[in-house]
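Let me begin by presenting the structure, written as structure tokens, before commenting on it.
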Amino acid sequence: MPAISVIVPVRDGAGSLPALLESFERQTLPRGQFETIVVDNASRDDTGEIARAWGATVVHEPVPNRSGARNRGAQAARTDLFAFTDADCVATESWLEALLSCARKEPITAGEVAIATNPEPNAVERFESLWRFGQEQWVSEGWAATANLCVRRSVFDAVHGFDTSWRHIGEDVDFCYRAARLGYRVAWCPGAVVSHRAEDRLWPMLKRSFFHGYSVNQAHYRLGAGYRAWKRPWSAVSGNGALTRTGAVPDSFPAEEWSRMLRLARASYGARVLGSVWAELRRAR
């Protein structure tokens with residue numbers, strides 16, 4: 001009987017999924033101690049067939065929704081411990097062994113999500129590396145991204161799983177906040193590391209920024225967290241604020257690189273402004 005269930009929600013992940021599943025073959029945790037559940041979330045490609053070829057259990061969630069897909073994976077799990085990650089991640093060899101060790105002490109744990117780039121990253125990748133994941137900081141704020149989150153079944157059931165009314169992102173913040181209200185805090189698990197590919201094209205980065213703006217606007221109303229970017233639009237067109245909010249400092253960059261990163265930061269923040277406006281128009285609460 002396995003000790004931990006790895007749950008991977010995925011839609012149209014035929015290109016990225018093999019690298020993740022291959023990383024599971026290299027785990028230091030013996031293969032018999034974990035199971036892999038891939039939730040095919042209305043894919044239009046060969047995601048399901050690829051997952052089966054790698055020996056994963058494949059279940060289907062026909063409604064495209066990441067929360068619903070994770071809930072479906074939890075229903076199919078045979079263990080009382082769930083390790084969530086994403087199809088565009090790659091696990092380090094000790095990922096599951098570290099999570100299992102931490103989970104013996106804490107009911108919810110999260111590990112680092114490192115950004116992976118090409119050997120010579122382009123400007124979009126370099127910008128993504130500045131801010132994309134701040135998992136340890138997020139854990140100190142009471143939540144963690146589901147790219148690297150481990151939850152006991154008892155907690156998952158007590159919280160009633162992920163809320164499917166979150167249309168884009170933000171469901172992980174909501175889940176952790178609801179768990180905290182029941183007395184379950186997110187603990188940091190330093191040895192459990194996965195990597196996540198940085199975006200390397202402008203349009204996907206802007207699209208994700210748009211949905212980020214939408215969801216943090218929603219989180220403002222629901223959780224008292226997040227912000228409404230439409231109320232602070234000027235960072236998209238003036239000053240250094242769009243970039244310094246990532247923690248970047250002008251003196252640490254050559255002038256030309258700072259200008260390049262600032263342009264990307266403004267574009268990204270502008271997409272967030274548009275996303276937050278869209279959330280207001282849809283009355284996303």
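Order determines the names: the first chain of the structure tokens is A, the second B, and so forth; residues in each chain are numbered 1 upward, and ligands are numbered 1 upward as they are shown.
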
- Message: Neighbouring residues of Ser268 (chain A) were defined as those with any atom within 8 Å, considering only C-alpha atoms; residues of the same chain fewer than 2 positions away were excluded. Please report them as a PyMOL selection string.
- Response: chain A and resi 205-206+209-210+236+264-266+270-272

Write to file, as a compact mmCIF listing (two decimals), in the first residue's frame, the residues of the selection just made, with C-alpha atoms.
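Saved the output as part-v7.txt:
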```txt
# COMPACT_ATOMS: atom_id res chain seq x y z
CA MET A 205 3.05 35.81 -19.66
CA LEU A 206 0.54 38.61 -20.25
CA SER A 209 -0.92 38.30 -15.59
CA PHE A 210 -4.46 39.11 -16.72
CA ALA A 236 1.64 50.35 -15.76
CA LEU A 264 8.01 43.94 -19.20
CA ALA A 265 6.93 44.74 -15.65
CA ARG A 266 4.72 47.58 -16.86
CA GLY A 270 -1.12 46.59 -17.22
CA ALA A 271 -2.53 43.13 -17.92
CA ARG A 272 -3.31 42.81 -14.21
```

- Task: Write out as a ChimeraX atom specification all residues of region 3-236 of chain A that DSSP puts in strand (DSSP E) for this structure's backbone.
- Result: /A:4-10,34-40,57-60,81-84,89-91,108-116,149-152,186-197

- Item | Point-to-point distance in Å for CA of Ser154 (chain A) and CA of His60 (chain A) | 23.3 Å

- Can you work out the spacing between CA of Val273 (chain A) and CA of Thr164 (chain A) in Å, to one decimal?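 Computed distance, CA of Val273 (chain A) to CA of Thr164 (chain A), equals 23.8 Å.
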
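Taking CA of Ala56 (chain A) and CA of Val38 (chain A) as the two end points, the separation is 6.4 Å.
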
What are the closest atom pairs, with distances in Å to one decimal, for all residues of region 122-182 of chain A lying within 10 Å of region 114-117 of chain A? Consider only C-alpha atoms, order rows by chain and residue number, and present the result as CSV.
```
residue,atom,partner,partner_atom,distance
A:Asn122,CA,A:Thr117,CA,8.6
A:Val124,CA,A:Thr117,CA,9.9
A:Glu125,CA,A:Thr117,CA,6.2
A:Arg126,CA,A:Thr117,CA,8.0
A:Glu128,CA,A:Ile115,CA,7.9
A:Ser129,CA,A:Ile115,CA,6.1
A:Leu130,CA,A:Ile115,CA,9.3
A:Trp131,CA,A:Ile115,CA,9.4
A:Arg132,CA,A:Ile115,CA,7.5
A:Phe133,CA,A:Ala114,CA,7.2
A:Gly134,CA,A:Ala114,CA,8.9
A:Gln135,CA,A:Ala114,CA,9.0
```

Only C-alpha atoms, please: the residues just picked out, written as a PDB file, in the first residue's frame.
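For reference, again38.pdb as written:
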```
ATOM      1  CA  ASN A 122      15.479  35.544 -22.930  1.00  0.00           C
ATOM      2  CA  VAL A 124      10.690  37.196 -20.566  1.00  0.00           C
ATOM      3  CA  GLU A 125      12.352  34.320 -18.715  1.00  0.00           C
ATOM      4  CA  ARG A 126      14.610  36.710 -16.831  1.00  0.00           C
ATOM      5  CA  GLU A 128       9.764  35.682 -14.645  1.00  0.00           C
ATOM      6  CA  SER A 129      12.766  34.676 -12.537  1.00  0.00           C
ATOM      7  CA  LEU A 130      12.494  37.924 -10.586  1.00  0.00           C
ATOM      8  CA  TRP A 131       9.115  37.231  -9.065  1.00  0.00           C
ATOM      9  CA  ARG A 132       7.199  34.210 -10.367  1.00  0.00           C
ATOM     10  CA  PHE A 133       7.275  32.054  -7.209  1.00  0.00           C
ATOM     11  CA  GLY A 134       7.956  33.197  -3.670  1.00  0.00           C
ATOM     12  CA  GLN A 135       6.781  30.057  -1.918  1.00  0.00           C
TER      13      GLN A 135
END
```

- Task: Identify all residues of region 20-263 of chain A in alpha helix (DSSP H) (DSSP on the backbone) and supply them as a PyMOL selection string.
- Result: chain A and resi 20-25+47-53+66-76+95-103+123-131+135-140+153-159+171-181+202-223+241-244+255-263

What does the file look like for those residues with C-alpha atoms, as a CSV table (one decimal), in the first residue's frame?
```csv
chain,number,residue,atom,x,y,z
A,20,LEU,CA,7.3,15.5,-14.7
A,21,LEU,CA,6.4,11.8,-14.9
A,22,GLU,CA,10.0,10.9,-15.7
A,23,SER,CA,11.1,12.8,-12.6
A,24,PHE,CA,8.9,10.5,-10.5
A,25,GLU,CA,10.9,7.6,-11.8
A,47,THR,CA,-2.5,13.7,-22.2
A,48,GLY,CA,-4.4,10.6,-20.9
A,49,GLU,CA,-2.6,8.2,-23.1
A,50,ILE,CA,0.8,9.6,-22.3
A,51,ALA,CA,0.1,9.4,-18.5
A,52,ARG,CA,-1.0,5.8,-18.8
A,53,ALA,CA,2.1,4.9,-20.8
A,66,ARG,CA,-8.3,23.1,-11.6
A,67,SER,CA,-10.1,23.0,-8.3
A,68,GLY,CA,-12.5,20.3,-9.5
A,69,ALA,CA,-9.7,18.4,-11.1
A,70,ARG,CA,-7.8,18.3,-7.8
A,71,ASN,CA,-10.9,17.3,-5.9
A,72,ARG,CA,-11.4,14.5,-8.4
A,73,GLY,CA,-7.8,13.3,-7.9
A,74,ALA,CA,-8.3,13.2,-4.1
A,75,GLN,CA,-11.4,11.1,-4.5
A,76,ALA,CA,-9.4,8.6,-6.5
A,95,TRP,CA,10.9,15.6,-3.3
A,96,LEU,CA,8.5,12.9,-2.1
A,97,GLU,CA,10.9,11.6,0.6
A,98,ALA,CA,11.2,15.1,2.0
A,99,LEU,CA,7.4,15.7,1.9
A,100,LEU,CA,6.7,12.5,3.6
A,101,SER,CA,9.1,13.3,6.4
A,102,CYS,CA,7.6,16.7,6.9
A,103,ALA,CA,4.1,15.4,6.7
A,123,ALA,CA,14.1,38.7,-21.4
A,124,VAL,CA,10.7,37.2,-20.6
A,125,GLU,CA,12.4,34.3,-18.7
A,126,ARG,CA,14.6,36.7,-16.8
A,127,PHE,CA,11.6,38.8,-15.8
A,128,GLU,CA,9.8,35.7,-14.6
A,129,SER,CA,12.8,34.7,-12.5
A,130,LEU,CA,12.5,37.9,-10.6
A,131,TRP,CA,9.1,37.2,-9.1
A,135,GLN,CA,6.8,30.1,-1.9
A,136,GLU,CA,8.7,30.5,1.3
A,137,GLN,CA,7.4,34.0,1.7
A,138,TRP,CA,3.9,32.9,0.9
A,139,VAL,CA,4.1,30.2,3.6
A,140,SER,CA,5.0,32.9,6.1
A,153,ARG,CA,-6.8,13.7,3.8
A,154,SER,CA,-8.3,14.6,7.2
A,155,VAL,CA,-7.5,18.2,6.6
A,156,PHE,CA,-8.7,18.1,3.0
A,157,ASP,CA,-12.0,16.6,4.0
A,158,ALA,CA,-12.4,19.1,6.9
A,159,VAL,CA,-11.9,22.0,4.5
A,171,GLU,CA,-8.0,28.6,-5.1
A,172,ASP,CA,-4.8,27.6,-3.3
A,173,VAL,CA,-4.9,30.8,-1.2
A,174,ASP,CA,-8.6,30.2,-0.4
A,175,PHE,CA,-7.9,26.6,0.5
A,176,CYS,CA,-5.1,27.5,2.9
A,177,TYR,CA,-7.0,30.3,4.5
A,178,ARG,CA,-10.0,28.1,5.2
A,179,ALA,CA,-7.7,25.4,6.7
A,180,ALA,CA,-6.1,28.1,8.9
A,181,ARG,CA,-9.6,29.0,10.2
A,202,LEU,CA,5.3,37.5,-24.1
A,203,TRP,CA,1.7,36.6,-24.8
A,204,PRO,CA,1.4,33.6,-22.3
A,205,MET,CA,3.0,35.8,-19.7
A,206,LEU,CA,0.5,38.6,-20.3
A,207,LYS,CA,-2.4,36.2,-20.3
A,208,ARG,CA,-1.4,34.8,-17.0
A,209,SER,CA,-0.9,38.3,-15.6
A,210,PHE,CA,-4.5,39.1,-16.7
A,211,PHE,CA,-5.9,36.1,-14.8
A,212,HIS,CA,-3.7,37.0,-11.8
A,213,GLY,CA,-5.3,40.5,-11.8
A,214,TYR,CA,-8.7,38.9,-12.0
A,215,SER,CA,-8.1,36.5,-9.2
A,216,VAL,CA,-6.4,38.8,-6.7
A,217,ASN,CA,-9.3,41.2,-7.3
A,218,GLN,CA,-11.7,38.3,-6.4
A,219,ALA,CA,-9.5,37.5,-3.4
A,220,HIS,CA,-9.8,41.1,-2.1
A,221,TYR,CA,-13.6,40.7,-1.8
A,222,ARG,CA,-13.6,37.1,-0.6
A,223,LEU,CA,-10.6,36.8,1.7
A,241,GLY,CA,6.8,50.8,-9.2
A,242,ALA,CA,5.8,48.0,-11.6
A,243,LEU,CA,9.3,46.5,-11.2
A,244,THR,CA,10.3,47.4,-7.7
A,255,ALA,CA,20.8,50.3,-17.0
A,256,GLU,CA,19.9,48.6,-20.3
A,257,GLU,CA,18.6,45.5,-18.5
A,258,TRP,CA,16.7,47.6,-16.0
A,259,SER,CA,14.9,49.4,-18.8
A,260,ARG,CA,14.1,46.1,-20.5
A,261,MET,CA,12.8,44.5,-17.3
A,262,LEU,CA,10.8,47.7,-16.5
A,263,ARG,CA,9.0,47.5,-19.8
```

- Identify, on the basis of only C-alpha atoms, every residue whose closest approach to Asp88 (chain A) does not exceed 10 Å; exclude the query and any residue fewer than 2 positions from it along the same chain; express the result as a ChimeraX atom specification. /A:8,10,13,15-20,85-86,90,147,195-198

For N, CA and C atoms, I'd like the residues from the last selection saved as a PDB file, in the first residue's frame.
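Dumped to part-v2.pdb:
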```
ATOM      1  N   VAL A   8      -1.937  15.196  -9.980  1.00  0.00           N
ATOM      2  CA  VAL A   8      -1.530  16.146 -11.016  1.00  0.00           C
ATOM      3  C   VAL A   8      -2.744  16.489 -11.878  1.00  0.00           C
ATOM      4  N   VAL A  10      -4.349  18.259 -15.047  1.00  0.00           N
ATOM      5  CA  VAL A  10      -3.719  18.684 -16.298  1.00  0.00           C
ATOM      6  C   VAL A  10      -4.755  18.774 -17.413  1.00  0.00           C
ATOM      7  N   GLY A  13      -1.756  18.722 -21.586  1.00  0.00           N
ATOM      8  CA  GLY A  13      -0.384  18.737 -21.083  1.00  0.00           C
ATOM      9  C   GLY A  13       0.535  17.737 -21.748  1.00  0.00           C
ATOM     10  N   GLY A  15       2.724  17.994 -23.957  1.00  0.00           N
ATOM     11  CA  GLY A  15       4.093  18.444 -24.156  1.00  0.00           C
ATOM     12  C   GLY A  15       4.920  18.496 -22.892  1.00  0.00           C
ATOM     13  N   SER A  16       4.297  18.857 -21.772  1.00  0.00           N
ATOM     14  CA  SER A  16       5.051  19.058 -20.530  1.00  0.00           C
ATOM     15  C   SER A  16       5.008  17.864 -19.579  1.00  0.00           C
ATOM     16  N   LEU A  17       3.961  17.065 -19.651  1.00  0.00           N
ATOM     17  CA  LEU A  17       3.752  16.003 -18.666  1.00  0.00           C
ATOM     18  C   LEU A  17       4.872  14.955 -18.620  1.00  0.00           C
ATOM     19  N   PRO A  18       5.435  14.518 -19.752  1.00  0.00           N
ATOM     20  CA  PRO A  18       6.469  13.470 -19.671  1.00  0.00           C
ATOM     21  C   PRO A  18       7.645  13.833 -18.777  1.00  0.00           C
ATOM     22  N   ALA A  19       8.085  15.081 -18.778  1.00  0.00           N
ATOM     23  CA  ALA A  19       9.234  15.457 -17.943  1.00  0.00           C
ATOM     24  C   ALA A  19       8.898  15.300 -16.466  1.00  0.00           C
ATOM     25  N   LEU A  20       7.679  15.641 -16.079  1.00  0.00           N
ATOM     26  CA  LEU A  20       7.264  15.463 -14.685  1.00  0.00           C
ATOM     27  C   LEU A  20       7.208  13.980 -14.332  1.00  0.00           C
ATOM     28  N   THR A  85       0.995  18.738  -7.346  1.00  0.00           N
ATOM     29  CA  THR A  85       1.928  19.486  -8.181  1.00  0.00           C
ATOM     30  C   THR A  85       1.280  19.709  -9.529  1.00  0.00           C
ATOM     31  N   ASP A  86       1.976  20.414 -10.431  1.00  0.00           N
ATOM     32  CA  ASP A  86       1.411  20.768 -11.729  1.00  0.00           C
ATOM     33  C   ASP A  86       2.144  20.051 -12.851  1.00  0.00           C
ATOM     34  N   VAL A  90       8.780  19.858 -12.572  1.00  0.00           N
ATOM     35  CA  VAL A  90       9.664  18.689 -12.514  1.00  0.00           C
ATOM     36  C   VAL A  90      10.121  18.558 -11.071  1.00  0.00           C
ATOM     37  N   ALA A 147       1.504  24.080  -6.710  1.00  0.00           N
ATOM     38  CA  ALA A 147       2.588  23.463  -7.473  1.00  0.00           C
ATOM     39  C   ALA A 147       3.446  22.575  -6.579  1.00  0.00           C
ATOM     40  N   SER A 195      10.775  22.186  -9.703  1.00  0.00           N
ATOM     41  CA  SER A 195      11.064  23.318 -10.581  1.00  0.00           C
ATOM     42  C   SER A 195       9.885  23.541 -11.514  1.00  0.00           C
ATOM     43  N   HIS A 196       9.712  24.780 -11.928  1.00  0.00           N
ATOM     44  CA  HIS A 196       8.614  25.168 -12.804  1.00  0.00           C
ATOM     45  C   HIS A 196       9.188  25.991 -13.945  1.00  0.00           C
ATOM     46  N   ARG A 197       8.828  25.660 -15.176  1.00  0.00           N
ATOM     47  CA  ARG A 197       9.362  26.374 -16.317  1.00  0.00           C
ATOM     48  C   ARG A 197       8.876  27.816 -16.328  1.00  0.00           C
ATOM     49  N   ALA A 198       9.783  28.735 -16.557  1.00  0.00           N
ATOM     50  CA  ALA A 198       9.409  30.127 -16.772  1.00  0.00           C
ATOM     51  C   ALA A 198       8.753  30.264 -18.139  1.00  0.00           C
TER      52      ALA A 198
END
```

Quick one: residues within 6 Å of Glu93 (chain A), only C-alpha atoms, excluding same-chain residues fewer than 4 positions away - as a PDB file with N, CA and C atoms, in the first residue's frame?
```pdb
ATOM      1  N   ARG A  26      12.710   8.856 -10.821  1.00  0.00           N
ATOM      2  CA  ARG A  26      14.014   9.045 -10.178  1.00  0.00           C
ATOM      3  C   ARG A  26      13.897   9.348  -8.686  1.00  0.00           C
ATOM      4  N   GLN A  27      12.706   9.236  -8.110  1.00  0.00           N
ATOM      5  CA  GLN A  27      12.532   9.575  -6.712  1.00  0.00           C
ATOM      6  C   GLN A  27      13.316   8.642  -5.789  1.00  0.00           C
ATOM      7  N   THR A  28      13.861   9.213  -4.727  1.00  0.00           N
ATOM      8  CA  THR A  28      14.539   8.386  -3.724  1.00  0.00           C
ATOM      9  C   THR A  28      13.537   7.598  -2.885  1.00  0.00           C
TER      10      THR A  28
END
```
